[in-house]
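Accompanying notes for the structure given below.
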Amino acid sequence: MTKPIIIDCDPGHDDAIAILLALAHPEQLEIKGITTVGGNQTLEKITNNALKILSFVGADIPVAKGAKGPLLGTLVTGEEAHGESGMDGPELPPSRFRAIEVGAVEFIRHLLLSSEEPITLVPIGPLTNIATLIRAYPELKSRIAGISMMGGGIAYGNVTRTAEFNIYVDPEAAQIVFESGIPITMSGLDVTDKAAIFDEEIATLKTRGPVSVMVGELLDFYSIYGKKMGYHGNALHDPCAIAWLLQPELFHSKMLDVTIETQGTYTRGMTVGDLRTKTEREPNVNVLLDVNRDAFIRLIYDALAILDARVQQSPQGDS
């Protein structure tokens, strides 16, 4: 049975791969729309990146612009990792598509109300759009089947010693989402750092079709920052949120009570998981903790092969 989803993102190298992974499986995931949020780069840049990826593979899916920055304060971008464009690396052609005029929150509201069944939200950037939706239209929570998100980390952070980027950018928004009562599956650093692709696997991608080559070039650039930070392998963070929807058996998870720290001098943006045997509250988040890395990479490879064939067969392919 096909699951309807909305991807909320800030492309971003790994966001792009997550979108491609979903696009390769229309028999399992129906992308009703894509919304964008300021995060890895400014809203205009990351929206343009989303449109370029869709155009490259000929996927005409509506894209709506969302929040330019967090609920409070100013936007912190991931330019050091993602470059000036937010998706540096390959030179992608201009997109054939444009963003729709409706804003992200109203667009999601429309999709939720018009759908015959609840929709799964897949936020893989800061949670500003999702929090704004919940705060403005709390009655729509029953129309959301669940949230499969990338963000956080129970054991450690990456922007600070305790905070992961997506949560750090807008912890107030994350707090609203985590306290919403909506079922949440969290792909945090605990699992996404284990979902790494290595240099030899990236090199293999660049011997294949046009989409695989483009992704290999994305990863060439993205891996520069990872190596600078001492990582072995290139973590595919955002694709985990899609992979869990496609093949949940690849992952090991645990239900935890997770709260968001918004005040701490050293811990602002931390996803605080209660690991005690007896907890004060009922668990609210399905936290992914481990992944079958080899099977995960095969899933990525197979998805890109599907898209390679699709683009090569299409007379409108931009590649």
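Ligands are numbered from 1 in the order shown, chains are lettered A, B, ... in the order of the structure tokens, and residues start at 1 in each chain.
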
Using only C-alpha atoms, what table do you get, as a Markdown table, when you list each residue of region 57-97 of chain A with an atom no more than 7 Å from region 202-225 of chain A, its nearest pair of atoms, and their distance in Å rounded to one decimal, rows by chain then rising number?
```
| residue | atom | partner | partner_atom | distance |
| --- | --- | --- | --- | --- |
| A:Ala81 | CA | A:Tyr225 | CA | 5.3 |
| A:His82 | CA | A:Tyr222 | CA | 6.4 |
| A:Asp88 | CA | A:Phe221 | CA | 6.6 |
| A:Gly89 | CA | A:Leu218 | CA | 5.1 |
| A:Pro90 | CA | A:Glu217 | CA | 5.5 |
```

For region 15-124 of chain A against region 128-147 of chain A, with a cut-off of 8 Å and counting only C-alpha atoms, what is the closest atom pair and its distance in Å to one decimal for every residue that makes the cut, ordered by chain and number, as a Markdown table?
```
| residue | atom | partner | partner_atom | distance |
| --- | --- | --- | --- | --- |
| A:Val37 | CA | A:Asn129 | CA | 6.8 |
| A:Gly66 | CA | A:Asn129 | CA | 6.2 |
| A:Ala67 | CA | A:Asn129 | CA | 6.1 |
| A:Gly69 | CA | A:Thr128 | CA | 7.6 |
| A:Pro70 | CA | A:Thr128 | CA | 5.9 |
| A:Leu71 | CA | A:Thr128 | CA | 6.5 |
| A:Ala104 | CA | A:Asn129 | CA | 7.0 |
| A:Val105 | CA | A:Leu133 | CA | 5.6 |
| A:Ile108 | CA | A:Leu133 | CA | 7.9 |
| A:Arg109 | CA | A:Leu133 | CA | 7.5 |
| A:Leu112 | CA | A:Arg143 | CA | 5.9 |
| A:Leu113 | CA | A:Arg143 | CA | 7.4 |
| A:Glu117 | CA | A:Arg143 | CA | 7.4 |
| A:Pro118 | CA | A:Arg143 | CA | 4.6 |
| A:Ile119 | CA | A:Ile144 | CA | 5.1 |
| A:Thr120 | CA | A:Ala145 | CA | 5.0 |
| A:Leu121 | CA | A:Ile147 | CA | 4.8 |
| A:Val122 | CA | A:Ile147 | CA | 5.8 |
| A:Pro123 | CA | A:Ile147 | CA | 7.4 |
```

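Of the residues under consideration (A:His110, A:Arg98, A:Lys45, A:Lys65), A:Lys45 shows the shortest atom-to-atom contact distance to Glu79 (chain A) when counting only C-alpha atoms.
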
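Taking region 146-181 of chain A and asking which residues DSSP calls strand (DSSP E) on the backbone, you get Gly146, Ile147, Ser148, Met149 and Met150 of chain A.
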
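Neighbours of Pro248 (chain A) closer than or equal to 12 Å, with only C-alpha atoms counted and sequence neighbours fewer than 3 positions away skipped, come out as Ser148, Thr185, Ser187, Cys240, Ala241, Ile242, Ala243, Trp244, Leu245, Phe251, His252, Ser253, Asn286, Leu288, Asp290, Val291, Asn292, Ala295, Phe296 and Leu299 of chain A.
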
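Considering the residues A:Leu189, A:Leu75, A:Leu127, A:Ala155 and counting only C-alpha atoms, Gln41 (chain A) has its shortest atom-to-atom contact with A:Leu75.
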
Q. Among region 26-179 of chain A, which residues carry a DSSP assignment of alpha helix (DSSP H), reported as a PyMOL selection string?
A. chain A and resi 43-56+79-82+104-114+128-136+165-169+171-178

So that I have them on file, write out the residues from the current selection with C-alpha atoms, as an mmCIF file, in the first residue's frame.
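Resulting contents of result18.cif:
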```cif
data_model
loop_
_atom_site.group_PDB
_atom_site.id
_atom_site.type_symbol
_atom_site.label_atom_id
_atom_site.label_comp_id
_atom_site.auth_asym_id
_atom_site.auth_seq_id
_atom_site.Cartn_x
_atom_site.Cartn_y
_atom_site.Cartn_z
ATOM 1 C CA LEU A 43 15.393 29.844 2.001
ATOM 2 C CA GLU A 44 15.820 31.051 -1.591
ATOM 3 C CA LYS A 45 18.962 28.994 -2.126
ATOM 4 C CA ILE A 46 17.666 25.747 -0.679
ATOM 5 C CA THR A 47 14.326 26.098 -2.494
ATOM 6 C CA ASN A 48 16.230 26.519 -5.747
ATOM 7 C CA ASN A 49 18.219 23.391 -4.899
ATOM 8 C CA ALA A 50 15.049 21.362 -4.336
ATOM 9 C CA LEU A 51 13.667 22.510 -7.669
ATOM 10 C CA LYS A 52 16.931 21.655 -9.455
ATOM 11 C CA ILE A 53 16.924 18.104 -8.074
ATOM 12 C CA LEU A 54 13.310 17.555 -9.130
ATOM 13 C CA SER A 55 14.000 18.979 -12.585
ATOM 14 C CA PHE A 56 17.111 16.822 -13.027
ATOM 15 C CA GLU A 79 27.408 26.744 4.844
ATOM 16 C CA GLU A 80 30.658 25.291 6.150
ATOM 17 C CA ALA A 81 29.425 21.792 5.314
ATOM 18 C CA HIS A 82 27.145 22.505 2.341
ATOM 19 C CA ALA A 104 4.433 25.889 3.147
ATOM 20 C CA VAL A 105 2.132 25.833 6.189
ATOM 21 C CA GLU A 106 -1.022 26.564 4.198
ATOM 22 C CA PHE A 107 0.077 24.066 1.549
ATOM 23 C CA ILE A 108 0.542 21.313 4.137
ATOM 24 C CA ARG A 109 -2.828 22.224 5.666
ATOM 25 C CA HIS A 110 -4.486 21.904 2.255
ATOM 26 C CA LEU A 111 -2.861 18.532 1.593
ATOM 27 C CA LEU A 112 -3.866 17.183 5.005
ATOM 28 C CA LEU A 113 -7.472 18.304 4.615
ATOM 29 C CA SER A 114 -7.849 17.059 1.056
ATOM 30 C CA THR A 128 10.018 25.492 12.054
ATOM 31 C CA ASN A 129 7.336 24.771 9.436
ATOM 32 C CA ILE A 130 5.971 21.758 11.295
ATOM 33 C CA ALA A 131 5.830 23.603 14.610
ATOM 34 C CA THR A 132 4.075 26.553 12.982
ATOM 35 C CA LEU A 133 1.501 24.194 11.475
ATOM 36 C CA ILE A 134 0.847 22.490 14.821
ATOM 37 C CA ARG A 135 0.557 25.791 16.644
ATOM 38 C CA ALA A 136 -1.747 27.368 14.044
ATOM 39 C CA PHE A 165 22.192 21.001 13.604
ATOM 40 C CA ASN A 166 18.472 20.686 12.757
ATOM 41 C CA ILE A 167 17.416 20.935 16.394
ATOM 42 C CA TYR A 168 20.022 23.585 17.241
ATOM 43 C CA VAL A 169 18.744 25.905 14.498
ATOM 44 C CA PRO A 171 14.959 24.269 19.435
ATOM 45 C CA GLU A 172 11.706 26.070 20.273
ATOM 46 C CA ALA A 173 10.114 24.573 17.155
ATOM 47 C CA ALA A 174 11.492 21.142 18.033
ATOM 48 C CA GLN A 175 10.012 21.429 21.522
ATOM 49 C CA ILE A 176 6.554 22.087 20.058
ATOM 50 C CA VAL A 177 6.819 19.096 17.726
ATOM 51 C CA PHE A 178 8.194 16.684 20.335
#
```

So that each row is one residue of region 223-277 of chain A with an atom at most 12 Å from region 10-13 of chain A, can you give its shortest atom pair and the distance in Å to one decimal, using only C-alpha atoms, rows by chain and rising number, as a tab-separated table?
```
residue	atom	partner	partner_atom	distance
A:Ser223	CA	A:His13	CA	10.1
A:Tyr225	CA	A:His13	CA	11.9
A:Asn234	CA	A:His13	CA	11.0
A:Ala235	CA	A:His13	CA	10.8
A:Leu236	CA	A:His13	CA	8.9
A:His237	CA	A:His13	CA	9.7
A:Asp238	CA	A:His13	CA	9.0
A:Pro239	CA	A:His13	CA	10.2
```

So that I have them on file, write out the residues from the current selection with C-alpha atoms, as a compact mmCIF listing (two decimals), in the first residue's frame.
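Contents of part-v1.txt, as written:
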```txt
# COMPACT_ATOMS: atom_id res chain seq x y z
CA SER A 223 32.79 14.58 2.36
CA TYR A 225 33.75 18.78 5.72
CA ASN A 234 30.35 10.28 4.81
CA ALA A 235 27.21 10.09 6.95
CA LEU A 236 23.96 9.99 4.97
CA HIS A 237 21.83 11.64 7.63
CA ASP A 238 18.57 12.63 5.94
CA PRO A 239 18.08 9.50 3.81
```

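Compared by their closest atoms to Gly86 (chain A), and using only C-alpha atoms, the residues A:Ile100, A:Ala16, A:Ala59, A:Val272 rank with A:Ala16 nearest.
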
Find the residues near Leu304 (chain A): any atom within 8 Å, counting only C-alpha atoms, skip ones fewer than 3 places away on the same chain, and give them as a PDB file with C-alpha atoms, in the first residue's frame.
```
ATOM      1  CA  LEU A  20      15.841  10.927  -4.684  1.00  0.00           C
ATOM      2  CA  LEU A  21      15.435   7.837  -2.498  1.00  0.00           C
ATOM      3  CA  ALA A  24      12.649   5.964  -6.724  1.00  0.00           C
ATOM      4  CA  VAL A 211      21.809  10.451 -11.346  1.00  0.00           C
ATOM      5  CA  SER A 212      24.400   8.254  -9.650  1.00  0.00           C
ATOM      6  CA  ILE A 300      20.645   3.837  -1.942  1.00  0.00           C
ATOM      7  CA  TYR A 301      22.480   2.200  -4.859  1.00  0.00           C
ATOM      8  CA  LEU A 307      16.458   6.877 -11.389  1.00  0.00           C
ATOM      9  CA  ASP A 308      19.418   6.465 -13.777  1.00  0.00           C
TER      10      ASP A 308
END
```

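Each of A:Leu250, A:Leu289, A:Leu23, A:Leu29 was compared to Lys3 (chain A) using only C-alpha atoms, and A:Leu29 turns out to be the nearest.
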
Q: For Tyr156 (chain A), list every protein, DNA or RNA residue within 8 Å, evaluated using only C-alpha atoms, and leave out those in the same chain fewer than 6 positions away; present the list as a ChimeraX atom specification.
A: /A:162-164,189-190

Next, dump the selected residues to file, keeping only N, CA and C atoms, as a compact mmCIF listing (two decimals), in the first residue's frame.
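Dumped everything to result.txt:
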```
# COMPACT_ATOMS: atom_id res chain seq x y z
N THR A 162 26.49 18.88 22.43
CA THR A 162 25.22 18.23 22.78
C THR A 162 24.13 18.39 21.75
N ALA A 163 24.25 19.32 20.80
CA ALA A 163 23.15 19.65 19.90
C ALA A 163 23.46 19.33 18.44
N GLU A 164 22.53 18.65 17.80
CA GLU A 164 22.59 18.38 16.36
C GLU A 164 22.04 19.58 15.60
N LEU A 189 21.74 11.48 15.22
CA LEU A 189 23.14 11.15 14.97
C LEU A 189 23.52 9.77 15.48
N ASP A 190 22.78 9.26 16.47
CA ASP A 190 23.05 7.93 17.00
C ASP A 190 23.03 6.87 15.90
```

**Q.** CA of Lys194 (chain A) to CA of Ile154 (chain A), straight-line distance in Å
**A.** 14.0 Å
